[in-house]
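Q: Sharing entry-v9.json here; it has JSON, C-alpha atoms.
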[["chain", "number", "residue", "atom", "x", "y", "z"],
["D", 812, "MET", "CA", -14.81, -24.06, 8.75],
["D", 813, "LYS", "CA", -13.48, -24.15, 5.20],
["D", 814, "LEU", "CA", -13.27, -20.93, 3.28],
["D", 815, "LYS", "CA", -12.49, -20.18, -0.33],
["D", 816, "PHE", "CA", -9.57, -17.81, -0.86],
["D", 817, "GLY", "CA", -8.69, -15.97, -4.08],
["D", 818, "VAL", "CA", -5.12, -14.76, -4.54],
["D", 819, "VAL", "CA", -4.94, -12.02, -7.18],
["D", 820, "VAL", "CA", -2.01, -12.24, -9.57],
["D", 821, "PHE", "CA", -0.80, -8.97, -11.10],
["D", 822, "PRO", "CA", 2.14, -8.69, -13.47],
["D", 823, "GLY", "CA", 4.95, -8.30, -10.93],
["D", 824, "SER", "CA", 3.28, -10.01, -7.97],
["D", 825, "ASN", "CA", 5.87, -12.14, -6.21],
["D", 826, "CYS", "CA", 4.22, -13.28, -2.99],
["D", 827, "ASP", "CA", 1.22, -14.85, -4.67],
["D", 828, "HIS", "CA", 2.71, -18.35, -4.43],
["D", 829, "ASP", "CA", 3.71, -17.86, -0.79],
["D", 830, "SER", "CA", 0.15, -16.83, 0.04],
["D", 831, "TYR", "CA", -1.30, -19.71, -1.98],
["D", 832, "ASN", "CA", 1.01, -22.21, -0.27],
["D", 833, "VAL", "CA", 0.04, -21.09, 3.23],
["D", 834, "LEU", "CA", -3.68, -21.04, 2.54],
["D", 835, "LYS", "CA", -3.89, -24.20, 0.47],
["D", 836, "HIS", "CA", -1.24, -26.49, 1.92],
["D", 837, "ILE", "CA", -0.70, -25.33, 5.47],
["D", 838, "LEU", "CA", -4.22, -24.21, 6.36],
["D", 839, "ASP", "CA", -5.95, -26.64, 3.99],
["D", 840, "GLN", "CA", -8.35, -24.06, 2.56],
["D", 841, "GLU", "CA", -9.79, -24.03, -0.94],
["D", 842, "THR", "CA", -7.56, -21.53, -2.77],
["D", 843, "VAL", "CA", -7.50, -20.22, -6.34],
["D", 844, "TYR", "CA", -5.43, -17.72, -8.25],
["D", 845, "LEU", "CA", -7.33, -14.79, -9.77],
["D", 846, "TRP", "CA", -5.74, -13.31, -12.90],
["D", 847, "HIS", "CA", -5.66, -9.50, -13.06],
["D", 848, "LYS", "CA", -7.37, -9.41, -16.47],
["D", 849, "ASP", "CA", -10.35, -11.46, -15.24],
["D", 850, "THR", "CA", -13.37, -10.00, -13.51],
["D", 851, "ASP", "CA", -14.85, -13.12, -11.93],
["D", 852, "LEU", "CA", -14.01, -13.56, -8.24],
["D", 853, "GLN", "CA", -15.20, -17.20, -8.44],
["D", 854, "ASN", "CA", -17.35, -16.97, -5.31],
["D", 855, "CYS", "CA", -14.34, -16.54, -3.05],
["D", 856, "ASP", "CA", -14.98, -15.66, 0.60],
["D", 857, "VAL", "CA", -11.70, -13.80, 1.01],
["D", 858, "ILE", "CA", -9.60, -11.95, -1.57],
["D", 859, "ILE", "CA", -5.85, -11.65, -0.98],
["D", 860, "LEU", "CA", -3.87, -8.92, -2.76],
["D", 861, "PRO", "CA", -0.33, -10.26, -2.46],
["D", 862, "GLY", "CA", 3.04, -8.59, -2.17],
["D", 863, "GLY", "CA", 5.31, -7.80, -5.09],
["D", 864, "PHE", "CA", 5.95, -4.98, -7.49],
["D", 865, "SER", "CA", 2.81, -4.82, -9.61],
["D", 866, "TYR", "CA", 3.50, -3.04, -12.90],
["D", 867, "GLY", "CA", 7.05, -2.39, -11.73],
["D", 868, "ASP", "CA", 5.75, 0.09, -9.13],
["D", 869, "TYR", "CA", 5.77, 2.65, -11.95],
["D", 870, "ILE", "CA", 4.14, 6.06, -11.35],
["D", 871, "ARG", "CA", 3.52, 5.07, -7.72],
["D", 872, "THR", "CA", 3.23, 1.71, -5.99],
["D", 873, "GLY", "CA", -0.16, 0.23, -6.80],
["D", 874, "ALA", "CA", -1.18, 3.11, -9.07],
["D", 875, "VAL", "CA", -1.55, 1.03, -12.22],
["D", 876, "ALA", "CA", -2.68, -2.18, -10.52],
["D", 877, "LYS", "CA", -5.74, -0.35, -9.21],
["D", 878, "LEU", "CA", -6.90, 0.04, -12.84],
["D", 879, "SER", "CA", -6.83, -3.72, -13.56],
["D", 880, "PRO", "CA", -10.16, -5.30, -14.55],
["D", 881, "ILE", "CA", -10.12, -7.58, -11.50],
["D", 882, "MET", "CA", -9.90, -4.54, -9.20],
["D", 883, "ASN", "CA", -13.34, -3.30, -10.26],
["D", 884, "SER", "CA", -14.74, -6.60, -9.00],
["D", 885, "VAL", "CA", -12.61, -6.45, -5.84],
["D", 886, "ILE", "CA", -13.81, -2.90, -5.10],
["D", 887, "ASP", "CA", -17.46, -3.96, -5.58],
["D", 888, "PHE", "CA", -16.88, -7.01, -3.40],
["D", 889, "ALA", "CA", -15.30, -4.87, -0.64],
["D", 890, "ASN", "CA", -18.08, -2.29, -0.82],
["D", 891, "LYS", "CA", -20.61, -5.06, -0.27],
["D", 892, "GLY", "CA", -18.77, -6.21, 2.86],
["D", 893, "GLY", "CA", -16.50, -8.86, 1.32],
["D", 894, "ILE", "CA", -13.21, -9.57, 3.10],
["D", 895, "VAL", "CA", -10.15, -8.17, 1.29],
["D", 896, "PHE", "CA", -6.65, -8.51, 2.73],
["D", 897, "GLY", "CA", -3.74, -6.64, 1.14],
["D", 898, "ILE", "CA", -0.20, -7.54, 2.10],
["D", 899, "CYS", "CA", 2.69, -5.16, 1.29],
["D", 900, "ASN", "CA", 2.08, -4.23, -2.36],
["D", 901, "GLY", "CA", -1.52, -5.33, -1.76],
["D", 902, "PHE", "CA", -1.78, -2.73, 1.03],
["D", 903, "GLN", "CA", -0.37, -0.10, -1.33],
["D", 904, "ILE", "CA", -2.97, -1.02, -3.97],
["D", 905, "LEU", "CA", -5.78, -0.76, -1.41],
["D", 906, "THR", "CA", -4.75, 2.78, -0.45],
["D", 907, "GLU", "CA", -4.46, 3.74, -4.14],
["D", 908, "CYS", "CA", -8.05, 2.69, -4.82],
["D", 909, "ASN", "CA", -9.26, 4.36, -1.62],
["D", 910, "LEU", "CA", -10.46, 1.17, 0.02],
["D", 911, "LEU", "CA", -8.08, 2.09, 2.84],
["D", 912, "PRO", "CA", -7.17, 5.62, 3.97],
["D", 913, "GLY", "CA", -3.70, 7.16, 3.76],
["D", 914, "THR", "CA", -0.80, 6.19, 1.58],
["D", 915, "LEU", "CA", 2.60, 4.47, 1.69],
["D", 916, "ILE", "CA", 5.52, 6.72, 0.82],
["D", 917, "LYS", "CA", 9.22, 6.08, 0.47],
["D", 918, "ASN", "CA", 10.98, 4.75, 3.58],
["D", 919, "LYS", "CA", 12.44, 7.54, 5.65],
["D", 920, "ASN", "CA", 16.01, 6.27, 5.14],
["D", 921, "LEU", "CA", 15.42, 5.88, 1.36],
["D", 922, "LYS", "CA", 16.49, 2.23, 1.51],
["D", 923, "PHE", "CA", 14.68, -0.92, 0.54],
["D", 924, "ILE", "CA", 14.39, -2.71, 3.89],
["D", 925, "CYS", "CA", 14.30, -6.49, 4.00],
["D", 926, "LYS", "CA", 14.47, -7.91, 7.53],
["D", 927, "ASP", "CA", 12.54, -9.52, 10.34],
["D", 928, "ILE", "CA", 10.85, -7.05, 12.66],
["D", 929, "TYR", "CA", 8.29, -7.17, 15.44],
["D", 930, "VAL", "CA", 4.79, -5.81, 15.23],
["D", 931, "THR", "CA", 2.32, -5.61, 18.08],
["D", 932, "ALA", "CA", -1.41, -5.99, 17.58],
["D", 933, "VAL", "CA", -3.19, -2.99, 19.04],
["D", 934, "ASN", "CA", -6.71, -4.01, 18.09],
["D", 935, "GLU", "CA", -8.62, -6.71, 19.91],
["D", 936, "ILE", "CA", -11.77, -6.84, 17.84],
["D", 937, "SER", "CA", -10.65, -7.17, 14.21],
["D", 938, "LEU", "CA", -10.92, -10.43, 12.30],
["D", 939, "LEU", "CA", -7.16, -10.58, 11.90],
["D", 940, "THR", "CA", -6.18, -9.84, 15.50],
["D", 941, "LYS", "CA", -9.04, -11.08, 17.68],
["D", 942, "SER", "CA", -7.70, -14.58, 18.24],
["D", 943, "LEU", "CA", -3.94, -14.08, 18.19],
["D", 944, "GLU", "CA", -2.13, -16.34, 20.66],
["D", 945, "LYS", "CA", 0.27, -13.50, 21.46],
["D", 946, "LYS", "CA", 0.18, -9.83, 20.66],
["D", 947, "THR", "CA", 3.75, -9.30, 19.52],
["D", 948, "LEU", "CA", 4.67, -11.16, 16.34],
["D", 949, "LEU", "CA", 7.91, -11.66, 14.44],
["D", 950, "THR", "CA", 7.32, -11.06, 10.71],
["D", 951, "PRO", "CA", 9.49, -10.02, 7.80],
["D", 952, "ILE", "CA", 9.20, -6.73, 5.99],
["D", 953, "ALA", "CA", 10.52, -6.21, 2.45],
["D", 954, "HIS", "CA", 9.67, -2.83, 1.01],
["D", 955, "GLY", "CA", 11.00, 0.47, -0.27],
["D", 956, "GLU", "CA", 7.70, 2.32, 0.17],
["D", 957, "GLY", "CA", 6.29, 1.25, 3.50],
["D", 958, "ASN", "CA", 6.24, 4.56, 5.29],
["D", 959, "TYR", "CA", 2.57, 4.95, 6.20],
["D", 960, "PHE", "CA", 1.39, 8.52, 5.95],
["D", 961, "THR", "CA", -1.90, 10.29, 6.37],
["D", 962, "ASP", "CA", -3.10, 13.75, 7.36],
["D", 963, "ASP", "CA", -3.92, 14.56, 10.99],
["D", 964, "GLU", "CA", -7.65, 14.41, 10.49],
["D", 965, "THR", "CA", -7.55, 10.91, 8.97],
["D", 966, "LEU", "CA", -5.12, 9.78, 11.65],
["D", 967, "LYS", "CA", -7.52, 10.96, 14.35],
["D", 968, "SER", "CA", -10.39, 9.13, 12.71],
["D", 969, "LEU", "CA", -8.28, 5.94, 12.38],
["D", 970, "GLU", "CA", -7.55, 6.04, 16.11],
["D", 971, "LYS", "CA", -11.08, 6.98, 17.08],
["D", 972, "ASN", "CA", -12.61, 4.15, 15.07],
["D", 973, "ASN", "CA", -10.04, 1.62, 16.28],
["D", 974, "GLN", "CA", -8.79, 0.97, 12.74],
["D", 975, "VAL", "CA", -5.11, 0.52, 13.55],
["D", 976, "LEU", "CA", -4.26, -3.21, 13.63],
["D", 977, "PHE", "CA", -0.49, -3.36, 14.11],
["D", 978, "ARG", "CA", 2.32, -1.04, 15.15],
["D", 979, "TYR", "CA", 6.06, -1.65, 14.77],
["D", 980, "SER", "CA", 7.46, -2.51, 18.20],
["D", 981, "SER", "CA", 10.25, -4.15, 20.13],
["D", 982, "SER", "CA", 10.16, -7.88, 20.88],
["D", 983, "LYS", "CA", 8.56, -6.94, 24.18],
["D", 984, "GLY", "CA", 5.80, -4.95, 22.53],
["D", 985, "GLU", "CA", 7.17, -1.49, 23.32],
["D", 986, "ILE", "CA", 6.19, 0.94, 20.60],
["D", 987, "SER", "CA", 8.82, 3.62, 20.04],
["D", 988, "ASP", "CA", 10.76, 5.46, 17.32],
["D", 989, "VAL", "CA", 13.69, 3.06, 17.71],
["D", 990, "CYS", "CA", 11.48, 0.19, 16.53],
["D", 991, "ASN", "CA", 10.05, 2.08, 13.58],
["D", 992, "PRO", "CA", 11.86, 0.73, 10.51],
["D", 993, "ASN", "CA", 10.49, 3.04, 7.84],
["D", 994, "GLY", "CA", 9.20, 6.25, 9.42],
["D", 995, "SER", "CA", 5.52, 5.28, 9.46],
["D", 996, "ILE", "CA", 3.35, 7.77, 11.29],
["D", 997, "GLN", "CA", 2.64, 6.51, 14.83],
["D", 998, "ASN", "CA", 4.53, 3.28, 13.98],
["D", 999, "ILE", "CA", 1.53, 2.08, 11.95],
["D", 1000, "ALA", "CA", 2.21, -1.25, 10.22],
["D", 1001, "GLY", "CA", -1.35, -2.30, 9.40],
["D", 1002, "ILE", "CA", -4.86, -0.88, 9.35],
["D", 1003, "MET", "CA", -8.42, -1.77, 8.41],
["D", 1004, "ASN", "CA", -11.32, 0.20, 6.99],
["D", 1005, "LYS", "CA", -14.15, 1.55, 9.13],
["D", 1006, "ASN", "CA", -16.40, -1.41, 8.41],
["D", 1007, "GLY", "CA", -13.72, -3.90, 9.41],
["D", 1008, "ASN", "CA", -13.75, -5.91, 6.17],
["D", 1009, "VAL", "CA", -10.74, -4.47, 4.30],
["D", 1010, "PHE", "CA", -7.27, -5.00, 5.80],
["D", 1011, "GLY", "CA", -3.80, -3.89, 4.82],
["D", 1012, "MET", "CA", -0.40, -4.47, 6.36],
["D", 1013, "MET", "CA", 3.20, -4.00, 5.20],
["D", 1014, "PRO", "CA", 4.76, -6.99, 7.04],
["D", 1015, "HIS", "CA", 4.46, -10.40, 5.40],
["D", 1016, "PRO", "CA", 2.57, -12.95, 7.54],
["D", 1017, "GLU", "CA", 2.59, -15.38, 4.58],
["D", 1018, "ARG", "CA", 6.39, -15.48, 4.75],
["D", 1019, "SER", "CA", 6.33, -16.40, 8.42],
["D", 1020, "SER", "CA", 3.71, -19.13, 8.40],
["D", 1021, "ASP", "CA", 5.65, -22.22, 7.38],
["D", 1022, "GLY", "CA", 7.68, -23.99, 10.07],
["D", 1023, "LEU", "CA", 10.14, -25.15, 7.43],
["D", 1024, "LEU", "CA", 11.16, -21.52, 6.98],
["D", 1025, "GLY", "CA", 11.81, -21.12, 10.68],
["D", 1026, "LYS", "CA", 9.07, -18.66, 11.60],
["D", 1027, "THR", "CA", 5.36, -19.24, 12.23],
["D", 1028, "ASP", "CA", 4.00, -16.11, 13.96],
["D", 1029, "GLY", "CA", 2.30, -14.99, 10.76],
["D", 1030, "LEU", "CA", 0.11, -18.06, 10.76],
["D", 1031, "GLN", "CA", -1.71, -16.69, 13.81],
["D", 1032, "ILE", "CA", -3.07, -13.86, 11.69],
["D", 1033, "PHE", "CA", -4.54, -16.26, 9.11],
["D", 1034, "ASN", "CA", -5.85, -18.50, 11.89],
["D", 1035, "SER", "CA", -7.55, -15.54, 13.54],
["D", 1036, "LEU", "CA", -9.25, -14.76, 10.23],
["D", 1037, "LEU", "CA", -10.42, -18.36, 9.87],
["D", 1038, "GLN", "CA", -11.70, -18.55, 13.43],
["D", 1039, "ASN", "CA", -13.65, -15.33, 13.30],
["D", 1040, "PHE", "CA", -15.01, -15.30, 9.75],
["D", 1041, "ILE", "CA", -18.78, -15.49, 9.73],
["D", 1042, "LYS", "CA", -20.10, -17.00, 6.54],
["R", 604, "MET", "CA", -2.41, 20.05, -30.38],
["R", 605, "TYR", "CA", -0.91, 20.82, -27.01],
["R", 606, "LYS", "CA", 2.25, 19.72, -25.34],
["R", 607, "ALA", "CA", 1.58, 19.12, -21.67],
["R", 608, "LYS", "CA", 4.21, 19.31, -18.97],
["R", 609, "VAL", "CA", 2.87, 18.18, -15.65],
["R", 610, "ILE", "CA", 4.82, 18.60, -12.45],
["R", 611, "ILE", "CA", 3.83, 16.27, -9.63],
["R", 612, "LYS", "CA", 4.86, 17.79, -6.33],
["R", 613, "ARG", "CA", 4.94, 16.12, -2.98],
["R", 614, "LYS", "CA", 2.86, 18.20, -0.58],
["R", 615, "LYS", "CA", 4.86, 20.59, 1.59],
["R", 616, "SER", "CA", 3.65, 18.87, 4.73],
["R", 617, "ILE", "CA", 5.19, 15.56, 3.64],
["R", 618, "LEU", "CA", 8.81, 14.74, 4.24],
["R", 619, "ASP", "CA", 10.70, 14.42, 0.97],
["R", 620, "PRO", "CA", 13.55, 12.06, 1.87],
["R", 621, "GLN", "CA", 15.10, 12.28, -1.61],
["R", 622, "GLY", "CA", 15.14, 16.06, -1.47],
["R", 623, "LYS", "CA", 16.55, 15.90, 2.03],
["R", 624, "ALA", "CA", 19.34, 13.55, 0.87],
["R", 625, "ALA", "CA", 20.13, 15.83, -2.06],
["R", 626, "GLY", "CA", 20.16, 18.81, 0.33],
["R", 627, "HIS", "CA", 22.57, 16.93, 2.55],
["R", 628, "GLY", "CA", 24.74, 16.27, -0.51],
["R", 629, "ALA", "CA", 24.78, 20.00, -1.21],
["R", 630, "VAL", "CA", 26.06, 20.64, 2.31],
["R", 631, "LEU", "CA", 28.79, 18.01, 1.83],
["R", 632, "LEU", "CA", 29.81, 19.68, -1.40],
["R", 633, "GLY", "CA", 30.20, 22.94, 0.44],
["R", 634, "PHE", "CA", 27.20, 24.81, -1.00],
["R", 635, "LYS", "CA", 26.20, 27.20, 1.75],
["R", 636, "ASN", "CA", 23.29, 28.88, 0.01],
["R", 637, "ILE", "CA", 21.26, 25.88, -1.12],
["R", 638, "THR", "CA", 18.39, 24.90, 1.16],
["R", 639, "ASN", "CA", 14.90, 23.37, 0.97],
["R", 640, "VAL", "CA", 15.66, 20.92, -1.84],
["R", 641, "ARG", "CA", 12.53, 19.14, -3.11],
["R", 642, "ILE", "CA", 12.55, 16.45, -5.78],
["R", 643, "ASP", "CA", 9.43, 16.43, -7.95],
["R", 644, "LYS", "CA", 8.33, 14.42, -10.98],
["R", 645, "GLN", "CA", 7.77, 15.85, -14.44],
["R", 646, "VAL", "CA", 5.60, 14.07, -16.99],
["R", 647, "GLU", "CA", 5.39, 15.19, -20.63],
["R", 648, "PHE", "CA", 2.88, 14.16, -23.25],
["R", 649, "LEU", "CA", 0.82, 15.44, -26.18],
["R", 650, "VAL", "CA", -2.88, 16.20, -26.08],
["R", 651, "ASN", "CA", -4.59, 15.93, -29.40],
["R", 652, "VAL", "CA", -7.27, 18.64, -29.07],
["R", 653, "SER", "CA", -7.52, 22.12, -30.54],
["R", 654, "ASP", "CA", -8.72, 24.22, -27.60],
["R", 655, "GLU", "CA", -6.86, 24.86, -24.40],
["R", 656, "GLU", "CA", -9.80, 24.43, -22.06],
["R", 657, "THR", "CA", -10.53, 20.88, -23.23],
["R", 658, "ALA", "CA", -6.83, 20.04, -23.05],
["R", 659, "ARG", "CA", -6.56, 21.36, -19.51],
["R", 660, "GLN", "CA", -9.65, 19.48, -18.42],
["R", 661, "GLU", "CA", -8.40, 16.18, -19.83],
["R", 662, "VAL", "CA", -4.91, 16.60, -18.41],
["R", 663, "SER", "CA", -6.34, 17.46, -15.03],
["R", 664, "GLU", "CA", -8.49, 14.33, -15.07],
["R", 665, "PHE", "CA", -5.45, 12.23, -16.01],
["R", 666, "CYS", "CA", -3.55, 13.76, -13.09],
["R", 667, "VAL", "CA", -6.32, 13.06, -10.62],
["R", 668, "LYS", "CA", -7.00, 9.51, -11.80],
["R", 669, "LEU", "CA", -3.47, 8.27, -12.28],
["R", 670, "LEU", "CA", -0.48, 10.61, -12.25],
["R", 671, "SER", "CA", -0.89, 11.98, -8.75],
["R", 672, "ASN", "CA", -2.14, 10.76, -5.40],
["R", 673, "PRO", "CA", -4.12, 13.54, -3.70],
["R", 674, "THR", "CA", -3.17, 12.27, -0.25],
["R", 675, "MET", "CA", 0.46, 13.17, -0.78],
["R", 676, "GLU", "CA", 0.84, 15.12, -3.99],
["R", 677, "ASP", "CA", -0.26, 18.27, -5.80],
["R", 678, "PHE", "CA", 0.15, 18.84, -9.51],
["R", 679, "GLU", "CA", 0.86, 21.78, -11.76],
["R", 680, "ILE", "CA", -0.14, 21.78, -15.43],
["R", 681, "ASN", "CA", 1.72, 23.69, -18.14],
["R", 682, "LEU", "CA", 0.34, 23.66, -21.68],
["R", 683, "GLU", "CA", 2.08, 24.81, -24.81],
["R", 684, "LYS", "CA", 0.28, 25.01, -28.15],
["R", 685, "ILE", "CA", 2.23, 23.31, -30.93],
["R", 686, "ASP", "CA", 1.68, 23.04, -34.66],
["R", 687, "GLU", "CA", 0.15, 19.85, -35.98],
["R", 688, "ALA", "CA", 2.91, 17.61, -37.26]]
Show me this structure written as structure tokens.
A:
Amino acid sequence: MKLKFGVVVFPGSNCDHDSYNVLKHILDQETVYLWHKDTDLQNCDVIILPGGFSYGDYIRTGAVAKLSPIMNSVIDFANKGGIVFGICNGFQILTECNLLPGTLIKNKNLKFICKDIYVTAVNEISLLTKSLEKKTLLTPIAHGEGNYFTDDETLKSLEKNNQVLFRYSSSKGEISDVCNPNGSIQNIAGIMNKNGNVFGMMPHPERSSDGLLGKTDGLQIFNSLLQNFIK
Amino acid sequence: MYKAKVIIKRKKSILDPQGKAAGHGAVLLGFKNITNVRIDKQVEFLVNVSDEETARQEVSEFCVKLLSNPTMEDFEINLEKIDEA
């Protein structure tokens, strides 16, 4: 099935082209860029909020991007059940506009971390994880504020409603403090909303989807989305 | 007109790694009496209204909608009346 993807471009986005390349040229899907000042989502089936440093990450990551004209349309779209996928800065924006619970705070070691890590899918029913070929994936992270935090009550509800998608792990899928790069609560690397249509993750599947770059585990996440999307 | 000074504070329950690093620096410098270092943000701006209540209300709204994130931060508003320039 062919889907239409919209990749939102904010001032400071820097993974928009990576996402576009994977969707358009590797997965052969119709893909358009959506400018932050526009409000028309151009009948896209899936909206991608890409990684980067929208508005220089000033005030807080994602805090100004959430006020962009396009975000009003994205919020409406999400509230009507539309599929929205935020990667890295996109995840931060989704928490800022309350489409996803919790927040991303500064990494525990205060450093910007840019390296390949393993995440393990802990959800077998979500669009993004249902059809993964393997549960433990090698993907890069590149963030200074990727430390997922939420209060105990929200954490309990995330677990109860099976909203956690990925946890940082070892290459064998063991989830422990040693494998937690940034201090995220319960090793959380990605979550979804209660309705299962809004997704956010800190690792970059779009940077590990092109064989030319040496890593392709991320492609499984996009493939799972394509296989399970119901139009 | 009012001059607003807003302090955005990370909630007590949240680890403040910057404060912790600064606290560690204090230990390295030999300060024995300095503990519980927290690093907050201060934002200053003018509010062009004549009564304090309206000023406070507008500043509070600004804090809720943009300057702070209620999941991790609290804010404190200080207003000072200043003469029109």
Q: Calculate how many Å separate CA of Glu656 (chain R) from CA of Val875 (chain D), rounding to one decimal.
A: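 Computing the Euclidean distance for CA of Glu656 (chain R) and CA of Val875 (chain D) yields 26.7 Å.
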Q: Sorted by chain and rising residue number, list the residues of chain R at most 12 Å from chain D (counting all atoms listed in the file), each with its closest atom pair and distance in Å to one decimal, as JSON lines.
A:
{"residue": "R:Ile611", "atom": "CA", "partner": "D:Ile870", "partner_atom": "CA", "distance": 10.4}
{"residue": "R:Arg613", "atom": "CA", "partner": "D:Ile916", "partner_atom": "CA", "distance": 10.2}
{"residue": "R:Lys614", "atom": "CA", "partner": "D:Asp962", "partner_atom": "CA", "distance": 10.9}
{"residue": "R:Lys615", "atom": "CA", "partner": "D:Asp962", "partner_atom": "CA", "distance": 12.0}
{"residue": "R:Ser616", "atom": "CA", "partner": "D:Asp962", "partner_atom": "CA", "distance": 8.9}
{"residue": "R:Ile617", "atom": "CA", "partner": "D:Phe960", "partner_atom": "CA", "distance": 8.3}
{"residue": "R:Leu618", "atom": "CA", "partner": "D:Lys919", "partner_atom": "CA", "distance": 8.2}
{"residue": "R:Asp619", "atom": "CA", "partner": "D:Lys917", "partner_atom": "CA", "distance": 8.5}
{"residue": "R:Pro620", "atom": "CA", "partner": "D:Lys919", "partner_atom": "CA", "distance": 6.0}
{"residue": "R:Gln621", "atom": "CA", "partner": "D:Leu921", "partner_atom": "CA", "distance": 7.1}
{"residue": "R:Gly622", "atom": "CA", "partner": "D:Leu921", "partner_atom": "CA", "distance": 10.6}
{"residue": "R:Lys623", "atom": "CA", "partner": "D:Lys919", "partner_atom": "CA", "distance": 10.0}
{"residue": "R:Ala624", "atom": "CA", "partner": "D:Leu921", "partner_atom": "CA", "distance": 8.6}
{"residue": "R:Ala625", "atom": "CA", "partner": "D:Leu921", "partner_atom": "CA", "distance": 11.5}
{"residue": "R:Lys644", "atom": "CA", "partner": "D:Ile870", "partner_atom": "CA", "distance": 9.4}
{"residue": "R:Gln645", "atom": "CA", "partner": "D:Ile870", "partner_atom": "CA", "distance": 10.9}
{"residue": "R:Val646", "atom": "CA", "partner": "D:Ile870", "partner_atom": "CA", "distance": 9.9}
{"residue": "R:Cys666", "atom": "CA", "partner": "D:Ile870", "partner_atom": "CA", "distance": 11.0}
{"residue": "R:Val667", "atom": "CA", "partner": "D:Ala874", "partner_atom": "CA", "distance": 11.3}
{"residue": "R:Lys668", "atom": "CA", "partner": "D:Ala874", "partner_atom": "CA", "distance": 9.1}
{"residue": "R:Leu669", "atom": "CA", "partner": "D:Ala874", "partner_atom": "CA", "distance": 6.5}
{"residue": "R:Leu670", "atom": "CA", "partner": "D:Ile870", "partner_atom": "CA", "distance": 6.5}
{"residue": "R:Ser671", "atom": "CA", "partner": "D:Ile870", "partner_atom": "CA", "distance": 8.2}
{"residue": "R:Asn672", "atom": "CA", "partner": "D:Glu907", "partner_atom": "CA", "distance": 7.5}
{"residue": "R:Pro673", "atom": "CA", "partner": "D:Thr914", "partner_atom": "CA", "distance": 9.6}
{"residue": "R:Thr674", "atom": "CA", "partner": "D:Gly913", "partner_atom": "CA", "distance": 6.5}
{"residue": "R:Met675", "atom": "CA", "partner": "D:Thr914", "partner_atom": "CA", "distance": 7.5}
{"residue": "R:Glu676", "atom": "CA", "partner": "D:Thr914", "partner_atom": "CA", "distance": 10.7}
Q: Within 8 Å of Glu679 (chain R), counting all atoms listed in the file, which residues qualify if same-chain residues fewer than 4 places away don't, as a VMD selection string?
A: chain R and resid 609 to 612
Q: Could you save those same residues with C-alpha atoms as a short mmCIF file (atom, residue, chain, number, x, y, z; two decimals), keeping the file's coordinate frame?
A:
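Output file result-v9.cif is given in full below:
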data_model
loop_
_atom_site.label_atom_id
_atom_site.label_comp_id
_atom_site.auth_asym_id
_atom_site.auth_seq_id
_atom_site.Cartn_x
_atom_site.Cartn_y
_atom_site.Cartn_z
CA VAL R 609 2.87 18.18 -15.65
CA ILE R 610 4.82 18.60 -12.45
CA ILE R 611 3.83 16.27 -9.63
CA LYS R 612 4.86 17.79 -6.33
#
Q: Here is a test: counting only C-alpha atoms, which residue of D:Gly863, D:Gly957, D:Gly984, D:Gly1029 is nearest to Leu939 (chain D)?
A: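 Going through D:Gly863, D:Gly957, D:Gly984, D:Gly1029 one by one, the smallest distance to Leu939 (chain D) is for D:Gly1029.
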Q: Box for region 940-947 of chain D - axis-aligned, 5 Å on each of the six sides, all listed atoms - centre and size in Å to one decimal, as lines of an AutoDock Vina configuration file.
A:
center_x = -2.6
center_y = -12.8
center_z = 18.5
size_x = 22.8
size_y = 17.0
size_z = 16.0
Q: Work out how far CA of Thr872 (chain D) is from CA of Leu949 (chain D), in Å to one decimal.
A: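 Going from CA of Leu949 (chain D) over to CA of Thr872 (chain D), I get 24.9 Å.
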Q: Within 8 Å of region 935-937 of chain D, counting all atoms listed in the file, which residues show up once you throw out same-chain ones fewer than 4 positions away? Write them as a PyMOL selection string, please.
A: chain D and resi 941+976+1007
Q: Distance CA of Ser995 (chain D)-CA of Val930 (chain D), one decimal place?
A: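 Between CA of Ser995 (chain D) and CA of Val930 (chain D) the gap works out to 12.5 Å.
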Q: (11.3, -9.1, 6.0) in this file's frame - what residues fall within 12 Å of it? Use only C-alpha atoms and give the answer as a list in words.
A: Gly862, Cys899, Phe923, Ile924, Cys925, Lys926, Asp927, Ile928, Tyr929, Val930, Leu949, Thr950, Pro951, Ile952, Ala953, His954, Gly955, Gly957, Pro992, Met1013, Pro1014, His1015, Pro1016, Glu1017, Arg1018, Ser1019, Lys1026 and Gly1029 of chain D
Q: Find, counting all atoms listed in the file, the residue in D:Ile858, D:Leu948, D:Val989, D:Val818 that gets nearest to Ser1020 (chain D).
A: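 Of all the options, D:Leu948 lies closest to Ser1020 (chain D).
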